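Enquirer: Sharing coords10.csv, CSV, C-alpha atoms:
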chain,number,residue,atom,x,y,z
A,1,VAL,CA,0.0,0.0,0.0
A,2,ASP,CA,1.4,3.3,-1.0
A,3,ALA,CA,0.7,6.5,1.0
A,4,TYR,CA,1.3,10.0,-0.2
A,5,LEU,CA,1.6,13.3,1.7
A,6,ASN,CA,1.3,16.6,0.0
A,7,ILE,CA,3.6,19.3,1.5
A,8,THR,CA,3.0,22.9,0.6
A,9,VAL,CA,6.2,25.0,0.9
A,10,SER,CA,5.5,28.7,1.3
A,11,GLN,CA,7.8,31.5,0.5
A,12,ASP,CA,9.2,33.6,3.3
A,13,PRO,CA,6.6,35.9,4.8
A,14,ALA,CA,6.6,39.5,3.7
A,15,ILE,CA,4.9,42.4,5.6
A,16,ALA,CA,3.5,45.7,4.3
A,17,ALA,CA,2.3,48.6,6.4
A,18,THR,CA,0.0,51.6,5.6
A,19,ALA,CA,-1.1,54.6,7.5
A,20,GLY,CA,-4.5,56.3,7.4
A,21,ALA,CA,-2.5,59.6,7.2
A,22,GLN,CA,1.2,60.0,6.8
A,23,TYR,CA,0.8,63.7,7.5
A,24,ILE,CA,-1.3,64.3,10.6
A,25,ASP,CA,-1.9,66.9,13.3
A,26,THR,CA,-0.9,66.5,16.9
A,27,GLY,CA,-3.7,65.1,19.0
A,28,ILE,CA,-5.4,63.3,16.1
A,29,ALA,CA,-5.6,59.5,16.2
A,30,ASP,CA,-3.9,57.8,13.2
A,31,TYR,CA,-4.9,54.4,11.9
A,32,LEU,CA,-2.1,52.0,11.1
A,33,ASN,CA,-2.6,48.7,9.3
A,34,ALA,CA,-0.2,45.8,8.6
A,35,SER,CA,-0.8,42.7,6.3
A,36,MET,CA,1.3,39.6,5.6
A,37,THR,CA,1.8,37.8,2.4
A,38,ASN,CA,3.3,34.3,2.1
A,39,GLY,CA,4.3,32.5,5.2
A,40,ILE,CA,1.9,30.2,7.1
A,41,ALA,CA,-1.0,31.7,9.1
A,42,PRO,CA,-1.9,32.6,11.7
A,43,PHE,CA,0.2,35.7,11.9
A,44,ASN,CA,1.2,37.9,14.9
A,45,TYR,CA,2.0,41.6,14.6
A,46,THR,CA,4.1,43.7,16.9
A,47,TRP,CA,4.3,47.5,16.5
A,48,THR,CA,6.9,49.9,17.9
A,49,VAL,CA,5.7,53.5,18.1
A,50,GLN,CA,7.9,55.9,20.0
A,51,ASN,CA,8.3,54.0,23.3
A,52,ALA,CA,5.1,52.1,23.0
A,53,THR,CA,4.7,48.5,21.9
A,54,LEU,CA,1.3,47.5,20.4
A,55,TYR,CA,-0.1,44.3,19.0
A,56,GLY,CA,-2.4,43.3,16.2
A,57,PRO,CA,-2.8,44.0,12.5
A,58,ASP,CA,-4.6,47.2,13.1
A,59,ILE,CA,-3.8,49.9,15.7
A,60,THR,CA,-4.5,53.5,16.3
A,61,TYR,CA,-2.0,55.9,17.8
A,62,THR,CA,-2.1,59.6,18.8
A,63,PHE,CA,1.0,61.7,18.6
A,64,SER,CA,1.2,64.5,21.2
A,65,SER,CA,4.0,66.5,19.7
A,66,ALA,CA,5.1,67.6,16.3
A,67,GLY,CA,8.0,65.7,14.6
A,68,THR,CA,8.9,62.9,12.2
A,69,TYR,CA,8.3,59.5,13.7
A,70,LEU,CA,9.5,56.1,12.4
A,71,VAL,CA,6.9,53.4,13.1
A,72,THR,CA,8.0,49.8,12.8
A,73,VAL,CA,6.0,46.6,12.6
A,74,THR,CA,7.2,43.0,12.7
A,75,GLY,CA,5.0,40.1,11.5
A,76,LYS,CA,5.6,36.5,12.6
A,77,ASP,CA,4.0,33.4,11.0
A,78,SER,CA,3.1,30.2,12.8
A,79,PHE,CA,6.6,28.8,12.2
A,80,GLY,CA,8.3,31.7,13.7
A,81,PHE,CA,9.5,33.3,10.5
A,82,THR,CA,9.4,37.1,10.6
A,83,SER,CA,9.3,40.1,8.4
A,84,THR,CA,9.8,43.7,9.4
A,85,THR,CA,8.9,47.0,7.7
A,86,SER,CA,8.7,50.7,8.8
A,87,ILE,CA,6.8,53.8,7.8
A,88,TYR,CA,7.4,57.4,8.5
A,89,ILE,CA,4.6,59.6,10.1
A,90,TYR,CA,5.0,63.4,9.8
A,91,VAL,CA,3.2,65.0,12.7
A,92,GLN,CA,2.4,68.7,12.3
A,93,SER,CA,2.1,71.5,14.9
A,94,PRO,CA,-1.4,73.1,15.2
A,95,VAL,CA,-2.5,75.2,12.3
A,96,GLN,CA,-1.9,79.0,12.7
A,97,ALA,CA,-3.8,81.7,10.9
A,98,SER,CA,-2.7,85.3,10.0
A,99,ILE,CA,-4.1,88.2,8.1
A,100,SER,CA,-2.6,91.0,6.0
A,101,THR,CA,-4.7,94.0,5.0
A,102,SER,CA,-4.6,96.7,2.4
A,103,ALA,CA,-5.5,99.5,5.0
A,104,THR,CA,-6.2,99.8,8.7
A,105,SER,CA,-7.8,103.3,8.4
A,106,VAL,CA,-10.6,103.8,5.8
A,107,ASP,CA,-13.7,105.8,5.2
A,108,VAL,CA,-17.3,104.4,5.3
A,109,GLY,CA,-18.0,102.6,2.1
A,110,GLN,CA,-14.4,102.2,1.1
A,111,SER,CA,-13.3,98.6,0.3
A,112,VAL,CA,-10.6,96.9,2.4
A,113,ASN,CA,-8.8,93.9,1.0
A,114,PHE,CA,-7.8,91.1,3.4
A,115,VAL,CA,-5.5,88.2,2.6
A,116,GLY,CA,-5.2,85.2,4.8
A,117,SER,CA,-2.3,82.7,5.3
A,118,GLY,CA,-1.9,79.5,7.2
A,119,ALA,CA,1.1,77.8,8.7
A,120,ASN,CA,1.5,74.3,10.1
A,121,GLY,CA,-1.4,71.9,10.3
A,122,VAL,CA,-2.1,69.7,7.2
A,123,GLN,CA,-3.3,71.2,4.0
A,124,PRO,CA,-5.6,71.9,2.2
A,125,TYR,CA,-6.9,74.8,4.3
A,126,ASN,CA,-10.4,76.1,4.4
A,127,TYR,CA,-10.8,79.9,4.9
A,128,SER,CA,-13.9,81.6,6.3
A,129,TRP,CA,-14.2,85.4,6.9
A,130,TYR,CA,-16.5,87.1,9.4
A,131,SER,CA,-17.3,90.6,10.4
A,132,GLY,CA,-19.4,91.2,13.5
A,133,GLY,CA,-20.0,87.5,13.7
A,134,VAL,CA,-21.5,87.4,10.2
A,135,LEU,CA,-20.0,85.3,7.5
A,136,ILE,CA,-18.8,87.6,4.7
A,137,SER,CA,-16.6,85.5,2.4
A,138,TYR,CA,-14.8,82.2,1.8
A,139,GLY,CA,-11.4,81.7,0.3
A,140,LEU,CA,-7.8,82.9,0.6
A,141,SER,CA,-8.8,86.6,0.4
A,142,ALA,CA,-11.8,88.8,1.0
A,143,SER,CA,-12.8,92.4,0.2
A,144,TYR,CA,-15.2,94.2,2.4
A,145,SER,CA,-16.6,97.8,2.9
A,146,PHE,CA,-17.9,98.9,6.2
A,147,SER,CA,-21.2,100.8,6.3
A,148,SER,CA,-20.7,102.6,9.6
A,149,SER,CA,-17.9,104.4,11.4
A,150,GLY,CA,-16.0,103.1,14.3
A,151,THR,CA,-13.6,100.3,15.0
A,152,HIS,CA,-14.5,97.1,13.2
A,153,GLU,CA,-13.0,93.7,13.6
A,154,VAL,CA,-12.7,91.1,10.8
A,155,GLU,CA,-12.0,87.5,11.8
A,156,LEU,CA,-10.4,84.8,9.7
A,157,ILE,CA,-10.9,81.1,10.7
A,158,ILE,CA,-8.7,78.6,9.0
A,159,LYS,CA,-9.5,74.9,9.2
A,160,ASP,CA,-7.0,72.3,8.0
A,161,ARG,CA,-7.6,68.8,6.6
A,162,PHE,CA,-8.4,67.4,10.0
A,163,ARG,CA,-10.8,70.2,10.9
A,164,GLN,CA,-8.4,71.7,13.3
A,165,GLU,CA,-8.8,75.5,13.4
A,166,SER,CA,-7.1,78.7,14.1
A,167,ALA,CA,-8.4,82.3,14.2
A,168,ALA,CA,-6.8,85.6,13.3
A,169,TYR,CA,-8.2,89.1,13.7
A,170,SER,CA,-7.7,92.5,12.0
A,171,ASN,CA,-9.1,95.8,13.3
A,172,SER,CA,-10.1,98.6,10.9
A,173,THR,CA,-10.7,102.2,12.0
A,174,VAL,CA,-13.6,103.5,9.9
A,175,SER,CA,-14.2,107.2,9.6
A,176,PRO,CA,-17.4,108.9,8.5
A,177,VAL,CA,-17.6,110.0,4.9
A,178,LEU,CA,-15.6,113.2,4.2
A,179,SER,CA,-17.7,116.4,4.1
A,180,VAL,CA,-16.5,119.9,3.3
A,181,SER,CA,-18.0,123.3,3.7
A,182,PHE,CA,-17.3,127.0,3.9
A,183,SER,CA,-19.5,130.2,4.1
A,184,SER,CA,-20.5,132.1,1.1
A,185,HIS,CA,-19.9,135.8,1.1
A,186,ASN,CA,-20.9,139.1,-0.5
A,187,ILE,CA,-17.9,141.3,-0.8
A,188,GLY,CA,-17.1,144.6,-2.3
A,189,LEU,CA,-15.0,145.2,-5.4
A,190,GLY,CA,-11.3,145.0,-4.6
A,191,GLU,CA,-11.9,143.9,-1.0
A,192,ALA,CA,-9.6,141.2,0.4
A,193,GLU,CA,-11.4,138.1,1.6
A,194,THR,CA,-10.2,134.8,3.1
A,195,LEU,CA,-12.3,131.6,3.0
A,196,GLN,CA,-11.6,128.9,5.5
A,197,GLY,CA,-12.5,125.3,4.5
A,198,ASN,CA,-14.2,123.2,7.1
A,199,LEU,CA,-13.6,119.4,6.9
A,200,SER,CA,-15.2,116.6,8.8
A,201,GLY,CA,-15.0,112.8,8.5
A,202,GLY,CA,-12.7,111.1,6.2
A,203,SER,CA,-9.1,110.0,6.9
A,204,GLY,CA,-6.2,112.5,6.9
A,205,PRO,CA,-3.9,113.8,5.8
A,206,TYR,CA,-6.2,116.1,3.8
A,207,HIS,CA,-5.4,117.8,0.5
A,208,TYR,CA,-7.1,121.0,-0.6
A,209,LEU,CA,-7.8,122.6,-4.0
A,210,TRP,CA,-9.7,125.8,-4.4
A,211,ALA,CA,-11.2,126.8,-7.7
A,212,VAL,CA,-12.9,129.9,-8.9
A,213,ASN,CA,-15.1,129.5,-12.0
A,214,GLY,CA,-13.5,126.2,-12.7
A,215,LEU,CA,-9.9,127.4,-12.4
A,216,GLY,CA,-7.6,126.2,-9.6
A,217,TYR,CA,-6.1,128.9,-7.5
A,218,SER,CA,-4.9,127.5,-4.2
A,219,SER,CA,-4.0,124.2,-2.4
A,220,SER,CA,-4.0,125.5,1.2
A,221,SER,CA,-6.7,125.1,3.8
A,222,ALA,CA,-7.7,128.8,3.4
A,223,TYR,CA,-8.2,130.8,0.3
A,224,SER,CA,-7.5,134.6,0.2
A,225,PHE,CA,-8.6,136.5,-2.9
A,226,GLN,CA,-9.8,139.8,-4.3
A,227,PHE,CA,-12.2,140.4,-7.2
A,228,PHE,CA,-11.7,143.4,-9.4
A,229,THR,CA,-14.7,143.0,-11.6
A,230,THR,CA,-18.3,142.8,-10.5
A,231,GLY,CA,-20.4,139.6,-10.9
A,232,THR,CA,-21.2,136.3,-9.3
A,233,TYR,CA,-18.3,133.9,-8.9
A,234,SER,CA,-18.5,130.1,-8.2
A,235,VAL,CA,-16.0,129.0,-5.6
A,236,LEU,CA,-15.3,125.3,-5.3
A,237,LEU,CA,-13.4,123.5,-2.6
How does this structure look as structure tokens?

Expert:
Amino acid sequence: VDAYLNITVSQDPAIAATAGAQYIDTGIADYLNASMTNGIAPFNYTWTVQNATLYGPDITYTFSSAGTYLVTVTGKDSFGFTSTTSIYIYVQSPVQASISTSATSVDVGQSVNFVGSGANGVQPYNYSWYSGGVLISYGLSASYSFSSSGTHEVELIIKDRFRQESAAYSNSTVSPVLSVSFSSHNIGLGEAETLQGNLSGGSGPYHYLWAVNGLGYSSSSAYSFQFFTTGTYSVLL
């Protein structure tokens, strides 16, 4: 009587590892997976992450500080044959938002341009702009004009890939709309007269231009003149 035995010879085991995110924020749990090919099941998995040792084909780990970390996993089959591989995890500091602006002092109704920027965290970033708690724009930049005078705050909130967020603020001093006035006069022929311009609102420094009947005559705050012919003259400031 003949007897036969089939023997299956497997290649040496090989292990592969993947991360849910190779770039991740501090404080966010990362998912790590290992799988074996070849070898003889069942398999055992041992992970080394920083000073921690973890077991199983799937683990989660949360990094508490930024840096580049080497994660190593070793798989062992039922005959004790092993395979080891490593993967780098790049842990980022919390995202930080900042704002630059085209002007910090403007008049009512004048547009101000704001540009946001982010640092750290994991891109892509999401930008949201608020004024007085009201959403005014999305995106890297925003343009906004204030409808009332006073000090107004614009807030930028940046969220990164993992929904971690940072806020930055910009204050704008908004002046009332510029108004100008002076008193009209009846004067005698050849009499010297000085008109003083009165300004309110707007943002200094101010620039003056006096014109009589459409012709420019002075760029100072006051205009001194004499008329040597009778008539009605239009004075514009």

Enquirer: Provide the atom CA of His207 of chain A to atom CA of Ser105 of chain A distance in Å, to one decimal place.

Expert: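 Separation of atom CA of His207 of chain A and atom CA of Ser105 of chain A: 16.7 Å.
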
Enquirer: So, with only C-alpha atoms as the atoms that count, which of A:Glu191, A:Gly121, A:Phe114, A:Ser221 lies closest to Leu156 of chain A?

Expert: A:Phe114

Enquirer: Pick out the closest residue to Glu165 of chain A from this set: A:Glu153, A:Asp12, A:Glu193, A:Asp25. Count only C-alpha atoms.

Expert: A:Asp25

Enquirer: So the first atom is atom CA of Thr85 of chain A and the second is atom CA of Ser65 of chain A; what is the distance between them in Å, to one decimal place?

Expert: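 Computed distance, atom CA of Thr85 of chain A to atom CA of Ser65 of chain A, equals 23.4 Å.
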
Enquirer: Can you measure atom CA of Ser98 of chain A to atom CA of Ser166 of chain A for me? One decimal in Å is fine.

Expert: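 Going from atom CA of Ser98 of chain A over to atom CA of Ser166 of chain A, I get 8.9 Å.
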
Enquirer: Using all atoms listed in the file, which of the listed residues (A:Ala192, A:Ala66, A:Val115, A:Ala14) sits closest to Ala97 of chain A?

Expert: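 Ranked by minimum distance to Ala97 of chain A, first place goes to A:Val115.
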
Enquirer: Could you tell me which of A:Asn33, A:Ser131, A:Ser78, A:Ser234 comes closest to Ser170 of chain A if we count all atoms listed in the file?

Expert: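 Using all atoms listed in the file, the shortest distance to Ser170 of chain A belongs to A:Ser131.
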
Enquirer: What's the 10 Å shell around Thr82 of chain A, counting all atoms listed in the file, without same-chain residues fewer than 5 positions away, as a list in words?

Expert: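 The contact residues come out as Asp12, Pro13, Ala14, Ile15, Met36, Gly39, Phe43, Asn44, Tyr45, Thr74, Gly75, Lys76 and Asp77 of chain A.
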
Enquirer: Counting all atoms listed in the file, which residue out of A:Val235, A:Ala103, A:Val154, A:Leu189 sits closest to Ile136 of chain A?

Expert: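 Of all the options, A:Val154 lies closest to Ile136 of chain A.
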
Enquirer: For Gln92 of chain A, work out the shell of residues within 10 Å, counting all atoms listed in the file and skipping chain neighbours fewer than 6 positions away, then give it as a ChimeraX atom specification.

Expert: /A:23-27,63-68,119-122

Enquirer: Can you spit out the residues from that selection as a PDB file, in the frame of the given file, using C-alpha atoms?

Expert:
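Output below, filename result.pdb:
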ATOM      1  CA  TYR A  23       0.800  63.700   7.500  1.00  0.00           C
ATOM      2  CA  ILE A  24      -1.300  64.300  10.600  1.00  0.00           C
ATOM      3  CA  ASP A  25      -1.900  66.900  13.300  1.00  0.00           C
ATOM      4  CA  THR A  26      -0.900  66.500  16.900  1.00  0.00           C
ATOM      5  CA  GLY A  27      -3.700  65.100  19.000  1.00  0.00           C
ATOM      6  CA  PHE A  63       1.000  61.700  18.600  1.00  0.00           C
ATOM      7  CA  SER A  64       1.200  64.500  21.200  1.00  0.00           C
ATOM      8  CA  SER A  65       4.000  66.500  19.700  1.00  0.00           C
ATOM      9  CA  ALA A  66       5.100  67.600  16.300  1.00  0.00           C
ATOM     10  CA  GLY A  67       8.000  65.700  14.600  1.00  0.00           C
ATOM     11  CA  THR A  68       8.900  62.900  12.200  1.00  0.00           C
ATOM     12  CA  ALA A 119       1.100  77.800   8.700  1.00  0.00           C
ATOM     13  CA  ASN A 120       1.500  74.300  10.100  1.00  0.00           C
ATOM     14  CA  GLY A 121      -1.400  71.900  10.300  1.00  0.00           C
ATOM     15  CA  VAL A 122      -2.100  69.700   7.200  1.00  0.00           C
TER      16      VAL A 122
END

Enquirer: Need to verify the contact set: Ala167 of chain A, 10 Å, all atoms listed in the file, exclusion of same-chain residues closer than 6 positions in sequence. Can you return it as a list in words?

Expert: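 The neighbour list is Val95, Gln96, Ala97, Ser98, Ile99, Gly118, Tyr127, Ser128, Trp129, Glu155, Leu156, Ile157, Ile158 and Lys159 of chain A.
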
Enquirer: Closest to Thr46 of chain A among A:Ala29, A:Ile89, A:Tyr206, A:Val71, using all atoms listed in the file?

Expert: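 Among the listed residues, A:Val71 lies closest to Thr46 of chain A.
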
Enquirer: Please determine the residues with any atom at most 8 Å from (-7.1, 133.5, 1.2) (coordinates as given in the file, with all atoms listed in the file counting) and report them as a compact mmCIF listing (two decimals) with C-alpha atoms, in the frame of the given file.

Expert:
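The result, written out as selection.txt:
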# COMPACT_ATOMS: atom_id res chain seq x y z
CA GLU A 193 -11.40 138.10 1.60
CA THR A 194 -10.20 134.80 3.10
CA LEU A 195 -12.30 131.60 3.00
CA GLN A 196 -11.60 128.90 5.50
CA ALA A 222 -7.70 128.80 3.40
CA TYR A 223 -8.20 130.80 0.30
CA SER A 224 -7.50 134.60 0.20
CA PHE A 225 -8.60 136.50 -2.90
